[in-house]
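K.L.:
My file is protein.cif. It has mmCIF, C-alpha atoms:
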```cif
data_final
loop_
_atom_site.label_atom_id
_atom_site.label_comp_id
_atom_site.auth_asym_id
_atom_site.auth_seq_id
_atom_site.Cartn_x
_atom_site.Cartn_y
_atom_site.Cartn_z
CA MET A 30 0.00 0.00 0.00
CA PHE A 31 2.53 2.66 1.13
CA PHE A 32 6.16 2.50 0.07
CA LEU A 33 9.23 4.68 0.56
CA ARG A 34 10.90 5.02 -2.84
CA GLU A 35 13.99 6.80 -4.09
CA LEU A 36 13.12 8.59 -7.32
CA THR A 37 14.60 11.10 -9.77
CA GLN A 38 12.97 14.06 -11.47
CA ASP A 39 14.23 16.47 -14.12
CA LEU A 40 13.46 20.13 -13.41
CA ILE A 41 13.91 22.86 -16.02
CA MET A 42 14.92 26.28 -14.67
CA HIS A 43 14.99 29.59 -16.49
CA PRO A 44 18.26 31.56 -16.04
CA SER A 45 16.40 34.23 -14.06
CA TYR A 46 16.33 31.78 -11.11
CA PHE A 47 20.12 31.42 -11.03
CA ASN A 48 20.81 33.14 -7.72
CA PRO A 49 21.80 32.12 -4.18
CA SER A 50 18.29 30.77 -3.47
CA LEU A 51 18.35 28.36 -6.43
CA SER A 52 18.57 25.32 -4.16
CA ALA A 53 15.48 26.34 -2.17
CA TYR A 54 13.55 27.10 -5.35
CA LEU A 55 14.48 23.70 -6.84
CA LYS A 56 13.17 21.94 -3.73
CA LEU A 57 9.93 23.95 -3.79
CA SER A 58 9.46 23.27 -7.51
CA LEU A 59 10.10 19.57 -6.96
CA ARG A 60 7.41 19.38 -4.26
CA ARG A 61 4.91 21.31 -6.39
CA GLN A 62 5.55 19.14 -9.43
CA VAL A 63 5.51 15.65 -7.90
CA GLU A 64 3.37 15.71 -4.73
CA GLY A 65 -0.16 14.60 -5.54
CA SER A 66 0.76 13.30 -8.98
CA CYS A 67 0.13 9.78 -10.19
CA SER A 68 2.35 7.52 -12.19
CA GLY A 69 0.69 4.30 -13.23
CA ARG A 70 3.94 2.41 -12.76
CA LEU A 71 4.75 3.81 -9.30
CA GLY A 72 1.38 4.87 -7.89
CA TYR A 73 0.35 8.13 -6.21
CA ILE A 74 3.21 10.24 -4.87
CA ILE A 75 1.88 11.34 -1.49
CA ALA A 76 4.78 13.36 -0.08
CA VAL A 77 8.44 14.11 -0.65
CA THR A 78 10.21 13.05 2.54
CA ALA A 79 13.82 13.84 1.69
CA ASP A 80 14.75 16.24 -1.06
CA ASN A 81 18.27 16.84 0.18
CA LEU A 82 19.75 13.84 -1.58
CA GLY A 83 21.33 16.22 -4.04
CA ALA A 84 21.38 16.80 -7.73
CA GLU A 85 22.89 14.40 -10.17
CA GLY A 86 25.30 16.02 -12.57
CA GLY A 87 25.11 15.67 -16.28
CA GLU A 88 28.30 13.61 -16.23
CA GLU A 89 28.32 9.83 -16.12
CA ASN A 90 31.31 9.68 -13.75
CA ASP A 91 30.19 8.88 -10.20
CA ASP A 92 33.66 8.63 -8.63
CA ASP A 93 32.93 11.51 -6.23
CA ASP A 94 29.88 9.93 -4.52
CA ASP A 95 31.17 10.83 -1.06
CA GLU A 96 31.67 14.49 -1.88
CA ASP A 97 28.94 17.13 -1.82
CA LYS A 98 27.96 17.53 -5.45
CA GLY A 99 26.10 20.81 -4.99
CA MET A 100 23.55 21.97 -7.52
CA ARG A 101 24.79 20.97 -10.94
CA GLY A 102 22.75 20.90 -14.07
CA ARG A 103 23.20 20.86 -17.79
CA ILE A 104 22.38 23.69 -20.16
CA ALA A 105 19.67 22.99 -22.72
CA GLU A 106 19.66 24.39 -26.25
CA ASP A 107 17.27 27.20 -25.32
CA GLY A 108 19.52 28.50 -22.53
CA GLN A 109 17.59 26.95 -19.64
CA ALA A 110 19.21 24.55 -17.21
CA VAL A 111 18.01 21.01 -16.57
CA PHE A 112 18.60 19.69 -13.05
CA ARG A 113 18.13 15.99 -12.30
CA LEU A 114 17.17 15.74 -8.62
CA ARG A 115 17.17 12.58 -6.53
CA TYR A 116 14.62 12.43 -3.70
CA GLN A 117 12.70 10.05 -1.44
CA ALA A 118 8.92 9.97 -1.47
CA ILE A 119 6.03 8.13 0.14
CA VAL A 120 4.14 6.35 -2.65
CA TYR A 121 0.62 4.86 -2.43
CA ARG A 122 0.02 1.86 -4.67
CA PRO A 123 -3.18 -0.23 -4.25
CA PHE A 124 -3.10 -4.00 -4.75
CA ARG A 125 -5.73 -6.62 -5.48
CA GLY A 126 -6.94 -8.31 -2.28
CA GLU A 127 -6.10 -5.32 -0.06
CA VAL A 128 -8.68 -4.22 2.52
CA VAL A 129 -8.98 -0.42 2.77
CA ASP A 130 -11.16 2.20 4.43
CA GLY A 131 -12.72 5.05 2.48
CA VAL A 132 -15.53 7.57 2.28
CA VAL A 133 -18.46 7.24 -0.12
CA ALA A 134 -18.23 9.99 -2.76
CA SER A 135 -21.42 9.24 -4.71
CA VAL A 136 -24.22 6.70 -4.93
CA ASN A 137 -26.27 5.68 -7.97
CA LYS A 138 -28.30 2.65 -9.06
CA MET A 139 -25.19 1.05 -10.62
CA GLY A 140 -23.20 1.12 -7.37
CA ILE A 141 -21.10 3.42 -5.20
CA PHE A 142 -17.90 5.40 -5.70
CA VAL A 143 -15.58 5.40 -2.70
CA ASP A 144 -12.62 7.75 -2.17
CA VAL A 145 -9.70 5.85 -0.66
CA GLY A 146 -7.21 8.67 -0.24
CA PRO A 147 -6.31 9.78 -3.77
CA LEU A 148 -7.78 6.61 -5.31
CA GLN A 149 -11.41 6.37 -6.39
CA CYS A 150 -12.82 2.85 -6.15
CA PHE A 151 -16.10 1.66 -7.68
CA VAL A 152 -18.27 -0.93 -5.91
CA SER A 153 -20.87 -2.39 -8.27
CA THR A 154 -24.35 -3.42 -7.07
CA HIS A 155 -23.28 -7.02 -7.82
CA LEU A 156 -20.53 -6.64 -5.19
CA ILE A 157 -22.84 -5.22 -2.51
CA PRO A 158 -24.58 -7.74 -0.18
CA PRO A 159 -28.11 -8.71 -1.28
CA ASP A 160 -29.67 -7.34 1.93
CA PHE A 161 -28.79 -3.81 0.72
CA SER A 162 -31.18 -2.33 -1.83
CA PHE A 163 -31.01 0.93 -3.75
CA ASP A 164 -33.56 3.54 -2.64
CA PRO A 165 -34.02 6.02 -5.51
CA ASN A 166 -36.62 8.04 -3.58
CA ALA A 167 -34.25 8.87 -0.74
CA ASN A 168 -32.62 12.27 -0.72
CA PRO A 169 -29.67 11.82 -1.20
CA PRO A 170 -29.86 8.44 -3.03
CA CYS A 171 -28.63 5.56 -0.88
CA PHE A 172 -28.47 1.83 -0.34
CA THR A 173 -30.41 0.71 2.75
CA SER A 174 -30.26 -2.57 4.60
CA ASN A 175 -33.47 -4.55 5.11
CA GLU A 176 -32.34 -6.22 8.35
CA ASP A 177 -30.36 -3.47 10.10
CA VAL A 178 -30.71 0.26 10.09
CA LEU A 179 -27.55 0.59 8.01
CA LYS A 180 -27.43 3.13 5.22
CA ILE A 181 -24.79 3.73 2.55
CA GLU A 182 -24.96 7.30 1.32
CA LYS A 183 -22.57 10.09 0.41
CA GLY A 184 -20.15 10.68 3.30
CA THR A 185 -20.52 7.20 4.84
CA LYS A 186 -17.26 5.62 6.03
CA ILE A 187 -16.89 2.19 4.50
CA ARG A 188 -14.45 -0.72 4.55
CA LEU A 189 -13.95 -2.56 1.26
CA LYS A 190 -11.70 -5.09 -0.40
CA ILE A 191 -10.04 -4.25 -3.71
CA VAL A 192 -10.84 -6.99 -6.24
CA GLY A 193 -9.17 -5.46 -9.26
CA THR A 194 -7.08 -2.55 -10.48
CA ARG A 195 -6.37 -1.05 -13.88
CA VAL A 196 -3.30 1.07 -14.43
CA ASP A 197 -3.03 3.82 -17.05
CA ALA A 198 -0.03 6.07 -17.63
CA THR A 199 -1.28 8.76 -15.24
CA GLU A 200 -4.16 7.16 -13.34
CA ILE A 201 -5.12 4.07 -11.35
CA PHE A 202 -8.66 2.69 -11.30
CA ALA A 203 -9.98 0.13 -8.79
CA ILE A 204 -13.03 -2.05 -8.28
CA GLY A 205 -13.99 -3.15 -4.78
CA THR A 206 -16.41 -5.37 -2.92
CA ILE A 207 -18.24 -5.21 0.41
CA LYS A 208 -19.83 -8.65 -0.05
CA GLU A 209 -17.50 -10.43 2.40
CA ASP A 210 -17.40 -10.69 6.19
CA TYR A 211 -16.34 -7.59 8.17
CA LEU A 212 -16.73 -5.30 5.15
CA GLY A 213 -19.29 -2.51 4.68
CA PRO A 214 -20.28 0.62 6.59
CA ILE A 215 -18.09 1.45 9.58
CA GLY A 216 -19.58 2.66 12.88
#
```
Have the structure of the file written as C-alpha cells, please.
P.N.:
Amino acid sequence: MFFLRELTQDLIMHPSYFNPSLSAYLKLSLRRQVEGSCSGRLGYIIAVTADNLGAEGGEENDDDDDEDKGMRGRIAEDGQAVFRLRYQAIVYRPFRGEVVDGVVASVNKMGIFVDVGPLQCFVSTHLIPPDFSFDPNANPPCFTSNEDVLKIEKGTKIRLKIVGTRVDATEIFAIGTIKEDYLGPIG
C-alpha cells in the first residue's frame, strides 16, 4: 500500500532563477511538481520526505559519490538549465486483495464510488450484499439494509476489499467489494 521510494525528477529552470536561493527554489518546484501526482507504474506520490539527496550532474562519472555535489545541471539548447534531482517519497500503490477504508463519494443505481485517499474505487451493485437495496426516492440516493438500520450514502465511512485494479499512464482505477465478512459501513 505505502512505500518509501527513491526517485529522480528532471526540473527545467529559467536563467532568471540562477541566484543564491536556487537550491530552495528547486526543492519547492520539486514538491509542487511531484506531490499529488500519479504515475501508473509507481502509484500516487503522497509526499516528498527527503529532497536533500542532491542533484545528479550531467556527467556519467560517479567517482565523487562521497563528496557534496552541490547543484549541478546541464544547459539545454534554449539556454535553460536542466537539473536531475534525486529524492525520497512516500508512494501509495493499491493491490488486489487489499482491505482499505474510504468515504463514499457518490451513490447511484449502478453502485457506489468510494474515495480511498487519492484513489477512487467503484463498488458495483453485484458486489454489494443482497440485503442492501437501492432507494431512488431517498434524498440523497442511498443503499439501505433490510435487516439493520444501516445506510450507505454520500459521506458514509466504509471498509472494502479491492478486487481489481487497472493502471493507465497517469491514473489508477480500482473495483472493490463489500460482499464479504467484516466489510461494509463502519460505525
K.L.:
To one decimal place, how far is atom CA of A:Ala110 from atom CA of A:Pro44 in Å?
P.N.:
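We find that atom CA of A:Ala110 and atom CA of A:Pro44 lie 7.2 Å from each other.
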K.L.:
Taking 3 positions as the minimum chain separation for residues in the same chain, which residues sit within 12 Å of A:Gln117 when counting all atoms listed in the file? Answer as a short mmCIF file (atom, residue, chain, number, x, y, z; two decimals) with C-alpha atoms, keeping the file's coordinate frame.
P.N.:
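Once written, out.cif looks like this:
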```
data_model
loop_
_atom_site.label_atom_id
_atom_site.label_comp_id
_atom_site.auth_asym_id
_atom_site.auth_seq_id
_atom_site.Cartn_x
_atom_site.Cartn_y
_atom_site.Cartn_z
CA PHE A 32 6.16 2.50 0.07
CA LEU A 33 9.23 4.68 0.56
CA ARG A 34 10.90 5.02 -2.84
CA GLU A 35 13.99 6.80 -4.09
CA LEU A 36 13.12 8.59 -7.32
CA THR A 37 14.60 11.10 -9.77
CA GLN A 38 12.97 14.06 -11.47
CA LEU A 59 10.10 19.57 -6.96
CA ARG A 60 7.41 19.38 -4.26
CA VAL A 63 5.51 15.65 -7.90
CA GLU A 64 3.37 15.71 -4.73
CA ILE A 74 3.21 10.24 -4.87
CA ILE A 75 1.88 11.34 -1.49
CA ALA A 76 4.78 13.36 -0.08
CA VAL A 77 8.44 14.11 -0.65
CA THR A 78 10.21 13.05 2.54
CA ALA A 79 13.82 13.84 1.69
CA ASP A 80 14.75 16.24 -1.06
CA ASN A 81 18.27 16.84 0.18
CA LEU A 82 19.75 13.84 -1.58
CA GLY A 83 21.33 16.22 -4.04
CA LEU A 114 17.17 15.74 -8.62
CA VAL A 120 4.14 6.35 -2.65
#
```
K.L.:
Using all atoms listed in the file, which protein or nucleic acid residues come within 9 Å of stretch 189-198 of chain A? Drop anything in the same chain fewer than 4 positions from it, and give the result as a short mmCIF file (atom, residue, chain, number, x, y, z; two decimals) with C-alpha atoms, in the coordinates of the input.
P.N.:
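And here's result-v2.cif as it stands now:
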```
data_model
loop_
_atom_site.label_atom_id
_atom_site.label_comp_id
_atom_site.auth_asym_id
_atom_site.auth_seq_id
_atom_site.Cartn_x
_atom_site.Cartn_y
_atom_site.Cartn_z
CA CYS A 67 0.13 9.78 -10.19
CA SER A 68 2.35 7.52 -12.19
CA GLY A 69 0.69 4.30 -13.23
CA ARG A 70 3.94 2.41 -12.76
CA GLY A 72 1.38 4.87 -7.89
CA PRO A 123 -3.18 -0.23 -4.25
CA PHE A 124 -3.10 -4.00 -4.75
CA ARG A 125 -5.73 -6.62 -5.48
CA GLY A 126 -6.94 -8.31 -2.28
CA GLU A 127 -6.10 -5.32 -0.06
CA VAL A 128 -8.68 -4.22 2.52
CA VAL A 129 -8.98 -0.42 2.77
CA ASP A 130 -11.16 2.20 4.43
CA GLY A 131 -12.72 5.05 2.48
CA CYS A 150 -12.82 2.85 -6.15
CA VAL A 152 -18.27 -0.93 -5.91
CA PHE A 202 -8.66 2.69 -11.30
CA ALA A 203 -9.98 0.13 -8.79
CA ILE A 204 -13.03 -2.05 -8.28
CA GLY A 205 -13.99 -3.15 -4.78
CA THR A 206 -16.41 -5.37 -2.92
CA ILE A 207 -18.24 -5.21 0.41
CA LYS A 208 -19.83 -8.65 -0.05
CA GLU A 209 -17.50 -10.43 2.40
CA TYR A 211 -16.34 -7.59 8.17
CA LEU A 212 -16.73 -5.30 5.15
CA GLY A 213 -19.29 -2.51 4.68
CA PRO A 214 -20.28 0.62 6.59
#
```
K.L.:
Go through A:Asp177, A:Ile141, A:Gln62, A:Tyr54 and flag the residue nearest A:His155, using all atoms listed in the file for the distances.
P.N.:
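When distances to A:His155 are compared using all atoms listed in the file, the smallest one comes from A:Ile141.
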K.L.:
Quick one: distance from atom CA of A:Leu57 to atom CA of A:Gly102 in Å, one decimal?
P.N.:
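Taking atom CA of A:Leu57 and atom CA of A:Gly102, their separation equals 16.7 Å.
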K.L.:
Quick check on the file I pasted: which residues fall under the PyMOL selection byres ((chain A and resi 167) around 12)? Write them as a compact mmCIF listing (two decimals) with C-alpha atoms, keeping the file's coordinate frame.
P.N.:
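Output file selection-v3.txt follows:
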```
# COMPACT_ATOMS: atom_id res chain seq x y z
CA VAL A 136 -24.22 6.70 -4.93
CA ASN A 137 -26.27 5.68 -7.97
CA LYS A 138 -28.30 2.65 -9.06
CA SER A 162 -31.18 -2.33 -1.83
CA PHE A 163 -31.01 0.93 -3.75
CA ASP A 164 -33.56 3.54 -2.64
CA PRO A 165 -34.02 6.02 -5.51
CA ASN A 166 -36.62 8.04 -3.58
CA ASN A 168 -32.62 12.27 -0.72
CA PRO A 169 -29.67 11.82 -1.20
CA PRO A 170 -29.86 8.44 -3.03
CA CYS A 171 -28.63 5.56 -0.88
CA PHE A 172 -28.47 1.83 -0.34
CA THR A 173 -30.41 0.71 2.75
CA LYS A 180 -27.43 3.13 5.22
CA ILE A 181 -24.79 3.73 2.55
CA GLU A 182 -24.96 7.30 1.32
CA LYS A 183 -22.57 10.09 0.41
```
K.L.:
Given the choices A:Phe161, A:Tyr121, A:Phe112, A:Phe151, which gets closest to A:Leu55 if the distance is worked out from only C-alpha atoms?
P.N.:
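Closest to A:Leu55, using only C-alpha atoms: A:Phe112.
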K.L.:
Measure the distance from atom CA of A:Ser174 to atom CA of A:Thr154 in Å and round it to one decimal.
P.N.:
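Atom-to-atom, atom CA of A:Ser174 to atom CA of A:Thr154, that is 13.1 Å.
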K.L.:
Decode the PyMOL selection byres ((chain A and resi 104) around 12) for the given file into explicit residues and return them as a PyMOL selection string.
P.N.:
chain A and resi 40-44+86-87+101-103+105-113
K.L.:
Using all atoms listed in the file, which of A:Leu156, A:Glu200, A:Asn48, A:Gly65 sits nearest A:Gly140?
P.N.:
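Of A:Leu156, A:Glu200, A:Asn48, A:Gly65, the one nearest A:Gly140 is A:Leu156, counting all atoms listed in the file.
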K.L.:
Can you list, as a count of residues only, every protein, DNA or RNA residue that comes within 8 Å of A:Gly184 when you count all atoms listed in the file, leaving out same-chain residues fewer than 2 positions away?
P.N.:
5
